[in-house]
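As provided, coords-v8.tsv (TSV, C-alpha atoms) reads as follows.
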```
chain	number	residue	atom	x	y	z
A	1	MET	CA	-88.90	223.93	165.09
A	2	LYS	CA	-89.14	227.71	165.43
A	3	LYS	CA	-86.76	227.74	168.37
A	4	TRP	CA	-83.93	226.45	166.11
A	5	ILE	CA	-84.24	229.21	163.54
A	6	ALA	CA	-82.39	231.84	165.56
A	7	PRO	CA	-79.48	229.55	166.56
A	8	ALA	CA	-79.22	228.33	162.95
A	9	CYS	CA	-79.01	231.92	161.73
A	10	VAL	CA	-76.28	232.60	164.31
A	11	ALA	CA	-74.34	229.53	163.14
A	12	ILE	CA	-74.61	230.56	159.49
A	13	ALA	CA	-73.59	234.14	160.26
A	14	PHE	CA	-70.52	233.03	162.21
A	15	ALA	CA	-69.63	230.49	159.52
A	16	ILE	CA	-69.69	233.15	156.78
A	17	ALA	CA	-67.83	235.70	158.89
A	18	SER	CA	-65.08	233.32	159.97
A	19	HIS	CA	-64.74	231.92	156.44
A	20	ILE	CA	-64.16	235.40	155.02
A	21	MET	CA	-61.87	236.42	157.86
A	22	VAL	CA	-59.59	233.38	157.42
A	23	LEU	CA	-59.57	233.73	153.64
A	24	TYR	CA	-58.56	237.38	153.57
A	25	SER	CA	-56.17	237.35	156.52
A	26	ALA	CA	-54.21	234.20	155.54
A	27	PRO	CA	-51.88	235.82	152.96
A	28	ASN	CA	-50.99	238.70	155.30
A	29	PHE	CA	-50.44	236.28	158.18
A	30	ILE	CA	-48.19	234.05	156.06
A	31	MET	CA	-46.20	237.01	154.72
A	32	ASP	CA	-45.80	238.46	158.20
A	33	ARG	CA	-44.30	235.16	159.36
A	34	ALA	CA	-41.99	235.10	156.33
A	35	MET	CA	-40.77	238.64	157.05
A	36	GLN	CA	-40.13	237.79	160.69
A	37	MET	CA	-38.20	234.69	159.61
A	38	LEU	CA	-36.03	236.76	157.26
A	39	GLU	CA	-35.34	239.28	160.03
A	40	LYS	CA	-34.24	236.46	162.31
A	41	ARG	CA	-31.81	235.38	159.63
A	42	GLY	CA	-30.19	238.78	159.54
A	43	VAL	CA	-32.03	240.38	156.64
A	44	LYS	CA	-32.32	244.07	157.50
A	45	VAL	CA	-34.73	246.80	156.45
A	46	HIS	CA	-33.44	248.69	153.40
A	47	GLN	CA	-30.36	246.52	152.91
A	48	PHE	CA	-29.84	243.53	150.62
A	49	LYS	CA	-28.42	240.36	152.12
A	50	LEU	CA	-27.15	237.53	149.95
A	51	GLY	CA	-28.18	234.11	151.25
A	52	LYS	CA	-25.65	231.30	151.58
A	53	ARG	CA	-25.21	228.93	148.65
A	54	LEU	CA	-28.02	226.43	148.90
A	55	THR	CA	-27.01	222.94	149.98
A	56	PRO	CA	-28.79	220.31	152.10
A	57	GLN	CA	-26.78	221.67	155.03
A	58	THR	CA	-27.66	225.36	154.55
A	59	GLN	CA	-31.29	225.11	153.42
A	60	SER	CA	-33.82	226.69	155.71
A	61	VAL	CA	-36.94	226.97	153.59
A	62	VAL	CA	-38.80	224.23	151.75
A	63	ARG	CA	-38.28	223.58	148.05
A	64	ALA	CA	-35.61	226.25	147.59
A	65	SER	CA	-33.86	226.04	144.24
A	66	PRO	CA	-30.16	225.10	144.29
A	67	ASP	CA	-29.83	226.79	140.87
A	68	LEU	CA	-30.33	230.29	142.20
A	69	THR	CA	-28.83	232.77	144.63
A	70	TYR	CA	-31.22	234.87	146.68
A	71	SER	CA	-30.56	238.42	147.88
A	72	SER	CA	-33.36	239.77	150.07
A	73	CYS	CA	-34.26	243.24	151.32
A	74	LEU	CA	-37.14	244.13	153.62
A	75	PHE	CA	-38.70	247.50	152.84
A	76	ASP	CA	-40.77	249.79	155.02
A	77	LEU	CA	-41.94	252.92	153.23
A	78	ASN	CA	-43.22	254.33	156.54
A	79	GLN	CA	-39.53	254.83	157.35
A	80	ALA	CA	-38.77	256.23	153.88
A	81	PRO	CA	-41.45	258.81	152.99
A	82	ASP	CA	-39.64	259.80	149.79
A	83	GLY	CA	-39.28	256.20	148.71
A	84	ILE	CA	-36.30	253.90	148.32
A	85	MET	CA	-33.94	253.52	145.41
A	86	VAL	CA	-33.48	249.87	144.47
A	87	ARG	CA	-30.43	248.85	142.49
A	88	MET	CA	-29.69	245.40	141.06
A	89	ALA	CA	-26.01	245.26	140.12
A	90	GLN	CA	-24.97	244.02	136.71
A	91	THR	CA	-24.57	240.28	136.13
A	92	SER	CA	-23.93	238.40	132.92
A	93	GLY	CA	-26.32	235.49	133.55
A	94	TYR	CA	-30.00	235.36	134.39
A	95	ALA	CA	-31.12	237.77	137.12
A	96	SER	CA	-34.49	239.07	138.25
A	97	LEU	CA	-35.68	241.71	140.68
A	98	ALA	CA	-39.04	240.86	142.26
A	99	PHE	CA	-41.22	242.97	144.56
A	100	PHE	CA	-43.74	241.43	146.99
A	101	ASP	CA	-46.33	243.27	149.08
A	102	THR	CA	-47.60	242.20	152.51
A	103	ALA	CA	-50.45	240.23	150.93
A	104	THR	CA	-47.79	238.07	149.18
A	105	ASN	CA	-48.56	239.52	145.75
A	106	ASN	CA	-45.63	239.76	143.37
A	107	PHE	CA	-46.53	243.24	142.13
A	108	LYS	CA	-43.51	243.68	139.87
A	109	THR	CA	-40.74	241.55	138.40
A	110	ILE	CA	-37.95	243.01	136.31
A	111	ARG	CA	-35.56	240.75	134.46
A	112	GLY	CA	-31.93	241.83	134.32
A	113	ASN	CA	-30.66	241.59	130.79
A	114	GLY	CA	-26.95	241.95	131.42
A	115	ALA	CA	-27.33	245.56	132.59
A	116	PRO	CA	-27.83	247.04	136.04
A	117	VAL	CA	-31.41	247.89	136.98
A	118	GLU	CA	-32.38	250.93	139.03
A	119	ILE	CA	-35.90	251.77	140.13
A	120	LYS	CA	-37.47	253.98	142.75
A	121	LEU	CA	-40.09	252.37	144.99
A	122	THR	CA	-42.62	254.69	146.60
A	123	ARG	CA	-45.92	254.52	148.43
A	124	ASN	CA	-47.22	257.66	146.81
A	125	ALA	CA	-47.93	257.84	143.08
A	126	ASN	CA	-47.15	261.58	143.14
A	127	ILE	CA	-43.52	261.00	144.11
A	128	GLY	CA	-41.63	260.68	140.87
A	129	SER	CA	-43.06	259.41	137.65
A	130	GLY	CA	-42.21	257.40	134.60
A	131	SER	CA	-41.02	253.88	134.08
A	132	GLN	CA	-38.26	254.20	136.70
A	133	THR	CA	-40.76	254.66	139.54
A	134	LEU	CA	-42.84	251.90	141.04
A	135	VAL	CA	-45.71	252.38	143.48
A	136	SER	CA	-46.00	249.74	146.18
A	137	PRO	CA	-49.53	248.61	147.12
A	138	THR	CA	-48.45	248.31	150.76
A	139	ALA	CA	-45.97	250.19	152.93
A	140	LYS	CA	-44.00	247.05	153.79
A	141	GLY	CA	-42.81	244.14	151.75
A	142	ILE	CA	-39.89	242.12	150.45
A	143	ILE	CA	-37.61	242.60	147.46
A	144	ILE	CA	-35.75	239.57	146.14
A	145	ILE	CA	-32.95	239.41	143.59
A	146	ARG	CA	-32.45	235.98	142.09
A	147	ARG	CA	-29.43	235.09	140.00
A	148	LEU	CA	-28.67	231.87	138.21
A	149	ALA	CA	-25.65	230.24	139.86
A	150	PRO	CA	-25.88	226.44	139.88
A	151	THR	CA	-22.21	225.87	140.74
A	152	ALA	CA	-19.89	226.99	143.53
A	153	ASP	CA	-17.79	228.99	141.06
A	154	LEU	CA	-20.82	230.88	139.78
A	155	TYR	CA	-21.97	231.53	143.34
A	156	SER	CA	-18.57	233.11	144.10
A	157	GLN	CA	-18.95	235.35	141.06
A	158	VAL	CA	-22.43	236.40	142.18
A	159	ALA	CA	-21.18	237.11	145.71
A	160	LYS	CA	-18.68	239.61	144.28
A	161	VAL	CA	-21.40	241.37	142.29
A	162	ALA	CA	-24.13	241.28	144.93
A	163	VAL	CA	-22.27	243.64	147.28
A	164	ASN	CA	-23.26	246.40	144.84
A	165	ASP	CA	-27.01	245.71	145.19
A	166	SER	CA	-28.80	248.35	147.24
A	167	CYS	CA	-32.24	249.34	148.47
A	168	ALA	CA	-31.66	252.55	150.42
A	169	PRO	CA	-34.05	255.39	151.32
A	170	VAL	CA	-33.96	258.35	148.94
B	1	MET	CA	-79.47	228.76	180.59
B	2	ARG	CA	-80.34	226.11	178.03
B	3	ARG	CA	-81.08	228.82	175.49
B	4	VAL	CA	-77.66	230.41	176.10
B	5	LEU	CA	-75.93	227.06	175.64
B	6	THR	CA	-77.80	226.51	172.39
B	7	PHE	CA	-76.55	229.83	171.02
B	8	LEU	CA	-73.05	229.11	172.26
B	9	PHE	CA	-73.10	225.74	170.51
B	10	ALA	CA	-74.42	227.35	167.32
B	11	THR	CA	-71.63	229.92	167.44
B	12	LEU	CA	-68.96	227.25	167.83
B	13	ILE	CA	-70.43	225.15	165.02
B	14	GLY	CA	-70.53	228.22	162.79
B	15	LEU	CA	-66.95	229.22	163.58
B	16	GLY	CA	-65.66	225.71	163.05
B	17	THR	CA	-67.47	225.28	159.76
B	18	GLY	CA	-66.35	228.66	158.46
B	19	ILE	CA	-62.70	228.22	159.42
B	20	TYR	CA	-62.46	224.65	158.15
B	21	SER	CA	-64.18	225.41	154.86
B	22	ALA	CA	-61.91	228.41	154.24
B	23	LEU	CA	-58.75	226.41	154.99
B	24	SER	CA	-59.95	223.51	152.89
B	25	MET	CA	-61.11	225.50	149.86
B	26	SER	CA	-57.91	227.55	149.70
B	27	GLY	CA	-55.45	224.69	150.18
B	28	LEU	CA	-54.33	225.80	153.63
B	29	LEU	CA	-54.86	222.54	155.51
B	30	PRO	CA	-51.62	220.90	156.73
B	31	SER	CA	-52.29	217.89	154.49
B	32	ASP	CA	-52.65	219.97	151.31
B	33	THR	CA	-49.75	219.67	148.90
B	34	ALA	CA	-48.22	222.10	146.44
B	35	SER	CA	-49.18	219.85	143.57
B	36	GLY	CA	-52.76	219.53	144.67
B	37	ALA	CA	-54.10	221.93	142.12
B	38	GLY	CA	-53.48	223.15	138.63
B	39	MET	CA	-52.62	220.98	135.64
B	40	ASP	CA	-51.33	217.46	135.15
B	41	ILE	CA	-49.09	216.90	132.14
B	42	ASP	CA	-47.99	213.27	131.75
B	43	GLY	CA	-47.89	212.88	135.53
B	44	TRP	CA	-46.10	216.19	136.16
B	45	LYS	CA	-48.29	218.51	138.19
B	46	GLY	CA	-47.91	222.23	137.75
B	47	ASP	CA	-49.60	225.45	138.64
B	48	LEU	CA	-48.97	228.44	136.43
B	49	SER	CA	-50.77	230.72	138.90
B	50	LEU	CA	-47.87	230.60	141.39
B	51	GLY	CA	-46.09	233.93	141.73
B	52	THR	CA	-48.94	235.96	140.35
B	53	ALA	CA	-51.51	238.26	141.87
B	54	ASP	CA	-55.04	237.10	141.30
B	55	THR	CA	-58.38	238.55	142.22
B	56	SER	CA	-59.69	235.27	143.61
B	57	PRO	CA	-59.14	235.23	147.39
B	58	TYR	CA	-59.04	231.42	147.34
B	59	LEU	CA	-56.26	231.36	144.78
B	60	ARG	CA	-54.42	234.16	146.56
B	61	ALA	CA	-54.47	232.22	149.84
B	62	ARG	CA	-53.34	229.02	148.12
B	63	VAL	CA	-50.47	230.81	146.38
B	64	ALA	CA	-49.44	232.38	149.71
B	65	ARG	CA	-49.14	228.92	151.25
B	66	HIS	CA	-47.62	226.94	148.38
B	67	GLY	CA	-45.89	229.55	146.24
B	68	LEU	CA	-44.76	232.18	148.72
B	69	LEU	CA	-42.24	234.53	147.09
B	70	ALA	CA	-42.27	232.35	143.97
B	71	LEU	CA	-41.07	233.76	140.69
B	72	ALA	CA	-43.69	235.10	138.32
B	73	LYS	CA	-44.55	232.65	135.56
B	74	SER	CA	-42.83	234.90	133.02
B	75	GLU	CA	-39.59	234.07	134.86
B	76	ALA	CA	-40.11	230.42	135.82
B	77	VAL	CA	-42.71	227.68	135.81
B	78	TYR	CA	-42.63	224.61	138.06
B	79	PHE	CA	-43.83	221.02	137.70
B	80	VAL	CA	-43.68	218.31	140.38
B	81	ARG	CA	-43.79	214.52	140.03
B	82	ASP	CA	-43.73	211.94	142.82
B	83	ARG	CA	-44.51	208.72	140.88
B	84	ASP	CA	-42.81	206.63	138.25
B	85	GLY	CA	-44.26	205.88	134.83
B	86	ARG	CA	-46.43	203.10	136.29
B	87	GLY	CA	-47.81	205.22	139.10
B	88	ARG	CA	-45.62	203.86	141.91
B	89	ARG	CA	-44.30	206.25	144.56
B	90	LEU	CA	-40.69	207.32	143.99
B	91	ASP	CA	-38.53	205.70	146.67
B	92	GLU	CA	-34.90	205.82	147.74
B	93	ASN	CA	-34.74	202.01	147.73
B	94	CYS	CA	-35.13	201.91	143.94
B	95	ASP	CA	-33.11	203.21	141.01
B	96	TYR	CA	-34.79	205.16	138.22
B	97	ARG	CA	-33.96	206.20	134.69
B	98	LEU	CA	-35.05	209.76	133.98
B	99	SER	CA	-35.00	210.74	130.31
B	100	GLY	CA	-36.21	213.61	128.22
B	101	GLY	CA	-35.44	216.20	125.61
B	102	THR	CA	-34.88	219.92	125.43
B	103	PHE	CA	-37.29	222.53	126.73
B	104	SER	CA	-38.36	225.80	125.21
B	105	ALA	CA	-36.85	227.88	128.00
B	106	GLY	CA	-33.69	229.83	128.79
B	107	TRP	CA	-32.58	227.35	131.44
B	108	TRP	CA	-34.03	224.27	133.09
B	109	SER	CA	-33.32	221.95	135.98
B	110	ILE	CA	-34.81	218.92	137.70
B	111	THR	CA	-34.25	218.80	141.48
B	112	LEU	CA	-34.95	216.00	143.94
B	113	TYR	CA	-36.74	216.81	147.23
B	114	ASP	CA	-37.51	214.49	150.11
B	115	GLU	CA	-40.92	213.92	151.64
B	116	GLN	CA	-40.51	216.94	153.90
B	117	ASN	CA	-39.93	219.15	150.83
B	118	PHE	CA	-36.23	219.62	151.60
B	119	LEU	CA	-33.15	218.66	149.66
B	120	PRO	CA	-32.13	215.20	150.94
B	121	ALA	CA	-29.59	215.29	153.76
B	122	ASN	CA	-26.54	213.99	151.93
B	123	THR	CA	-23.20	215.40	150.80
B	124	ASP	CA	-23.14	213.78	147.36
B	125	GLY	CA	-23.29	217.10	145.50
B	126	ALA	CA	-25.79	215.60	143.05
B	127	LEU	CA	-29.00	217.42	143.91
B	128	SER	CA	-30.25	217.99	140.41
B	129	PHE	CA	-29.84	217.51	136.68
B	130	ASP	CA	-29.84	220.61	134.51
B	131	ALA	CA	-29.41	222.09	131.06
B	132	SER	CA	-25.62	222.35	131.41
B	133	ARG	CA	-25.30	218.55	131.72
B	134	ALA	CA	-27.73	217.66	128.93
B	135	ASP	CA	-25.27	217.96	126.10
B	136	GLU	CA	-27.43	216.12	123.58
B	137	GLU	CA	-30.95	216.75	122.37
B	138	ARG	CA	-32.13	213.61	124.17
B	139	TRP	CA	-30.64	213.00	127.60
B	140	THR	CA	-30.78	210.34	130.29
B	141	THR	CA	-29.81	210.47	133.95
B	142	LEU	CA	-29.85	207.91	136.74
B	143	ILE	CA	-31.58	208.54	140.05
B	144	SER	CA	-30.08	206.34	142.73
B	145	ALA	CA	-28.98	206.37	146.36
B	146	GLN	CA	-25.61	205.01	145.22
B	147	LYS	CA	-23.19	206.75	142.89
B	148	PRO	CA	-23.02	204.81	139.61
B	149	ALA	CA	-19.64	203.92	138.11
B	150	GLU	CA	-20.76	204.02	134.50
B	151	THR	CA	-22.32	207.47	134.12
B	152	LYS	CA	-21.68	211.03	135.27
B	153	ASN	CA	-25.37	211.84	134.89
B	154	TRP	CA	-26.56	211.05	138.39
B	155	VAL	CA	-29.03	212.53	140.86
B	156	SER	CA	-28.60	211.24	144.40
B	157	SER	CA	-31.64	210.03	146.33
B	158	ARG	CA	-29.57	209.03	149.36
B	159	ASN	CA	-31.45	209.80	152.60
B	160	ALA	CA	-34.46	211.00	150.60
B	161	ASP	CA	-36.82	208.16	151.63
B	162	GLN	CA	-39.88	208.77	149.45
B	163	PHE	CA	-39.20	211.74	147.22
B	164	ASP	CA	-40.40	213.86	144.33
B	165	LEU	CA	-38.83	215.72	141.44
B	166	THR	CA	-39.34	219.37	140.57
B	167	LEU	CA	-38.86	220.50	136.99
B	168	ARG	CA	-38.14	224.22	136.72
B	169	LEU	CA	-38.24	226.02	133.39
B	170	TYR	CA	-36.61	229.44	133.73
B	171	MET	CA	-37.45	232.15	131.21
B	172	PRO	CA	-40.09	229.96	129.58
B	173	SER	CA	-41.03	230.71	125.99
B	174	LYS	CA	-44.44	232.00	125.00
B	175	ASP	CA	-45.22	228.51	123.67
B	176	VAL	CA	-44.68	227.03	127.13
B	177	LEU	CA	-46.91	229.61	128.79
B	178	ASP	CA	-49.63	229.47	126.14
B	179	ARG	CA	-49.63	225.71	125.54
B	180	PRO	CA	-48.09	223.98	128.58
B	181	ASN	CA	-49.83	220.73	127.67
B	182	GLU	CA	-47.48	220.41	124.69
B	183	ILE	CA	-44.30	220.38	126.82
B	184	ASP	CA	-42.29	217.21	126.18
B	185	MET	CA	-42.19	216.07	129.80
B	186	PRO	CA	-39.38	213.77	131.03
B	187	LYS	CA	-40.17	210.08	131.46
B	188	ILE	CA	-39.29	208.19	134.62
B	189	GLU	CA	-38.78	204.44	134.61
B	190	ARG	CA	-38.14	202.29	137.67
B	191	LEU	CA	-35.13	199.99	137.37
B	192	GLU	CA	-33.99	197.81	140.28
B	193	CYS	CA	-35.03	197.98	143.92
B	194	ARG	CA	-32.64	197.02	146.71
B	195	GLU	CA	-35.34	196.47	149.28
B	196	ASN	CA	-39.07	196.50	149.09
B	197	PRO	CA	-40.11	200.12	148.55
B	198	GLN	CA	-42.44	201.54	151.19
```

Written as structure tokens, that's how I'd like the structure from this file.
Amino acid sequence: MKKWIAPACVAIAFAIASHIMVLYSAPNFIMDRAMQMLEKRGVKVHQFKLGKRLTPQTQSVVRASPDLTYSSCLFDLNQAPDGIMVRMAQTSGYASLAFFDTATNNFKTIRGNGAPVEIKLTRNANIGSGSQTLVSPTAKGIIIIRRLAPTADLYSQVAKVAVNDSCAPV
Amino acid sequence: MRRVLTFLFATLIGLGTGIYSALSMSGLLPSDTASGAGMDIDGWKGDLSLGTADTSPYLRARVARHGLLALAKSEAVYFVRDRDGRGRRLDENCDYRLSGGTFSAGWWSITLYDEQNFLPANTDGALSFDASRADEERWTTLISAQKPAETKNWVSSRNADQFDLTLRLYMPSKDVLDRPNEIDMPKIERLECRENPQ
């Protein structure tokens, strides 16, 4: 019986360690894949790209909403030590500006209420201050602007506005 | 040598148990579905934790898999249903009547997705039913693989095989977030079937 104690302890130790490792690394792994996928689709660092209007023929991710347009920007604050200035251009309908870190957390969402939104994103809490500055928990991440546009006409209107979105280094 | 093999076996058992239990407990197994957790309101399954940061590593991993880049619940909440009012799987071979009322939200829509979680591969231009088409307090729409002659309220299930419906409430009111169980969820009733559903 005694000879099984040590192997059992080894099994338990490896079970706990691997359980924790999978649990804590899964969100980062999933987000890393998502960022790579966006890059393959032409989304660049520090530049918003408006996705095509969602139809069965253009969809590329599961359960995407055909009601919304998606503009995505990858950020990397290692390349922008003074932060980036994020601007969501003015739209009349529903719009939101959402920030995601590399652990998939949505660390800030700002709803556009018919006015443009401008906010500085930094890694360092000492750079800038006040409500117009946001500190990112991680150096890299994704910013997404969603706008309500359930018809082709509304998508065309959004496309004209979205060219004024920006997420450029300060 | 036998002792080494025993330790090697113990290591593999430990690794396997740890990895499988982590995947299983956080909803990361391939068979886990988005609607596998959260609340069930009249057959509509929802999870108000999607799109939020949470201190629980299990919830965080599950959200990463099933709600990656989802809107925060202050912006939108989601409910999924894959069965009719009598518990039968929704199927392209049958027609359904979907009916409901208004929602306490800025905008809402109900979208049909196929079994692979994609919009069905058709060109009917009838992917969803939304607030702009519900011009009365109580509304009804037909879900069918064939375009009906008698109504403009139609959601196409053509090429969907077995499917589900996702109800999205954008800009939900405080009432919706505080008391989701009181949402007046749409009813779904099976009408005729052309062939035996799967």

Can you tell me which residues surround A:Asp82 at a distance of at most 9 Å, considering all atoms listed in the file, apart from same-chain residues fewer than 4 positions away, and format the answer as a PDB file with C-alpha atoms, in the coordinates of the input?
```pdb
ATOM      1  CA  LEU A  77     -41.940 252.920 153.230  1.00  0.00           C
ATOM      2  CA  LEU A 121     -40.090 252.370 144.990  1.00  0.00           C
ATOM      3  CA  THR A 122     -42.620 254.690 146.600  1.00  0.00           C
ATOM      4  CA  ARG A 123     -45.920 254.520 148.430  1.00  0.00           C
ATOM      5  CA  ASN A 124     -47.220 257.660 146.810  1.00  0.00           C
ATOM      6  CA  ILE A 127     -43.520 261.000 144.110  1.00  0.00           C
ATOM      7  CA  PRO A 169     -34.050 255.390 151.320  1.00  0.00           C
ATOM      8  CA  VAL A 170     -33.960 258.350 148.940  1.00  0.00           C
TER       9      VAL A 170
END
```

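Checking B:Gly125, B:Pro120, B:Gly87, B:Pro172 one by one against B:Trp108, counting all atoms listed in the file, you find the shortest gap at B:Pro172.
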
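Picture a line from atom CA of A:Thr69 to atom CA of A:Ile30; it runs 22.5 Å.
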
For this session: Compute the chain A side of the contact with chain B at 6 Å, counting all atoms listed in the file, and hand it back as a PyMOL selection string.
Result: chain A and resi 7+11-12+14-16+18-19+23+27+56+62-63+104-106

Report the centre and edge lengths, in Å to one decimal, of an axis-aligned box enclosing every atom of stretch 51-58 of chain A listed in the file, padded by 3 Å on each side, as lines of an AutoDock Vina configuration file.
```
center_x = -27.0
center_y = 227.2
center_z = 151.8
size_x = 9.6
size_y = 19.8
size_z = 12.4
```

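Taking atom CA of B:Asp95 as the reference point, atom CA of B:Trp139 is found at 16.8 Å.
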
Exercise. Mind pulling up the distance from atom CA of B:Ala145 to atom CA of B:Arg89?
Worked result: 15.4 Å

Exercise. Which polymer residues have any atom within 7 Å of an atom of B:Ile188, counting all atoms listed in the file, with same-chain residues fewer than 4 positions away left out, as JSON, numbers by chain?
Worked result: {"B": [84, 85, 96, 97, 98, 99]}

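The closest residue to A:Met31, picked from A:Pro66, A:Cys9, A:Gln132, A:Lys140 and counting only C-alpha atoms, is A:Lys140.
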
Exercise. If we count all atoms listed in the file, what is near stretch 173-183 of chain B at a cut-off of 6 Å, once residues fewer than 2 positions away on the same chain are taken out, given as number ranges by chain?
Worked result: B: 41, 104-105, 185

Problem set entry | Spatial neighbours of B:Cys94, 8 Å, all atoms listed in the file, chain gap at least 3 places, as number ranges by chain | B: 90-91, 144-145, 190-195, 197

Output for the residues just chosen: C-alpha atoms as a PDB file, in the coordinates of the input:
```
ATOM      1  CA  LEU B  90     -40.690 207.320 143.990  1.00  0.00           C
ATOM      2  CA  ASP B  91     -38.530 205.700 146.670  1.00  0.00           C
ATOM      3  CA  SER B 144     -30.080 206.340 142.730  1.00  0.00           C
ATOM      4  CA  ALA B 145     -28.980 206.370 146.360  1.00  0.00           C
ATOM      5  CA  ARG B 190     -38.140 202.290 137.670  1.00  0.00           C
ATOM      6  CA  LEU B 191     -35.130 199.990 137.370  1.00  0.00           C
ATOM      7  CA  GLU B 192     -33.990 197.810 140.280  1.00  0.00           C
ATOM      8  CA  CYS B 193     -35.030 197.980 143.920  1.00  0.00           C
ATOM      9  CA  ARG B 194     -32.640 197.020 146.710  1.00  0.00           C
ATOM     10  CA  GLU B 195     -35.340 196.470 149.280  1.00  0.00           C
ATOM     11  CA  PRO B 197     -40.110 200.120 148.550  1.00  0.00           C
TER      12      PRO B 197
END
```

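If you count all atoms listed in the file and ignore residues fewer than 3 places along the chain from B:Met39, what sits within 10 Å of it is Ser35, Gly36, Asp42, Gly43, Trp44, Lys45, Gly46, Asp47, Leu48, Phe79, Pro180 and Asn181 of chain B.
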
For this session: May I have the protein, DNA and RNA residues with any atom at most 12 Å from the point (-29.5, 210.6, 132.2), counting all atoms listed in the file, written as a ChimeraX atom specification?
Result: /B:96-101,110,128-131,133-144,148,150-155,186-189

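Using only C-alpha atoms, the nearest neighbour of A:Ser65 within the list B:Ser156, B:Ala149, B:Ala76, B:Glu92 is B:Ala76.
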
List every protein, DNA or RNA residue that has at least one atom no more than 12 Å from (-19.3, 232.2, 145.4) in the file's coordinates, counting only C-alpha atoms, and write the result as an mmCIF file with C-alpha atoms, keeping the file's coordinate frame.
```cif
data_model
loop_
_atom_site.group_PDB
_atom_site.id
_atom_site.type_symbol
_atom_site.label_atom_id
_atom_site.label_comp_id
_atom_site.auth_asym_id
_atom_site.auth_seq_id
_atom_site.Cartn_x
_atom_site.Cartn_y
_atom_site.Cartn_z
ATOM 1 C CA LEU A 50 -27.150 237.530 149.950
ATOM 2 C CA GLY A 51 -28.180 234.110 151.250
ATOM 3 C CA LYS A 52 -25.650 231.300 151.580
ATOM 4 C CA ARG A 53 -25.210 228.930 148.650
ATOM 5 C CA LEU A 54 -28.020 226.430 148.900
ATOM 6 C CA LEU A 68 -30.330 230.290 142.200
ATOM 7 C CA THR A 69 -28.830 232.770 144.630
ATOM 8 C CA ARG A 147 -29.430 235.090 140.000
ATOM 9 C CA LEU A 148 -28.670 231.870 138.210
ATOM 10 C CA ALA A 149 -25.650 230.240 139.860
ATOM 11 C CA PRO A 150 -25.880 226.440 139.880
ATOM 12 C CA THR A 151 -22.210 225.870 140.740
ATOM 13 C CA ALA A 152 -19.890 226.990 143.530
ATOM 14 C CA ASP A 153 -17.790 228.990 141.060
ATOM 15 C CA LEU A 154 -20.820 230.880 139.780
ATOM 16 C CA TYR A 155 -21.970 231.530 143.340
ATOM 17 C CA SER A 156 -18.570 233.110 144.100
ATOM 18 C CA GLN A 157 -18.950 235.350 141.060
ATOM 19 C CA VAL A 158 -22.430 236.400 142.180
ATOM 20 C CA ALA A 159 -21.180 237.110 145.710
ATOM 21 C CA LYS A 160 -18.680 239.610 144.280
ATOM 22 C CA VAL A 161 -21.400 241.370 142.290
ATOM 23 C CA ALA A 162 -24.130 241.280 144.930
ATOM 24 C CA VAL A 163 -22.270 243.640 147.280
#
```
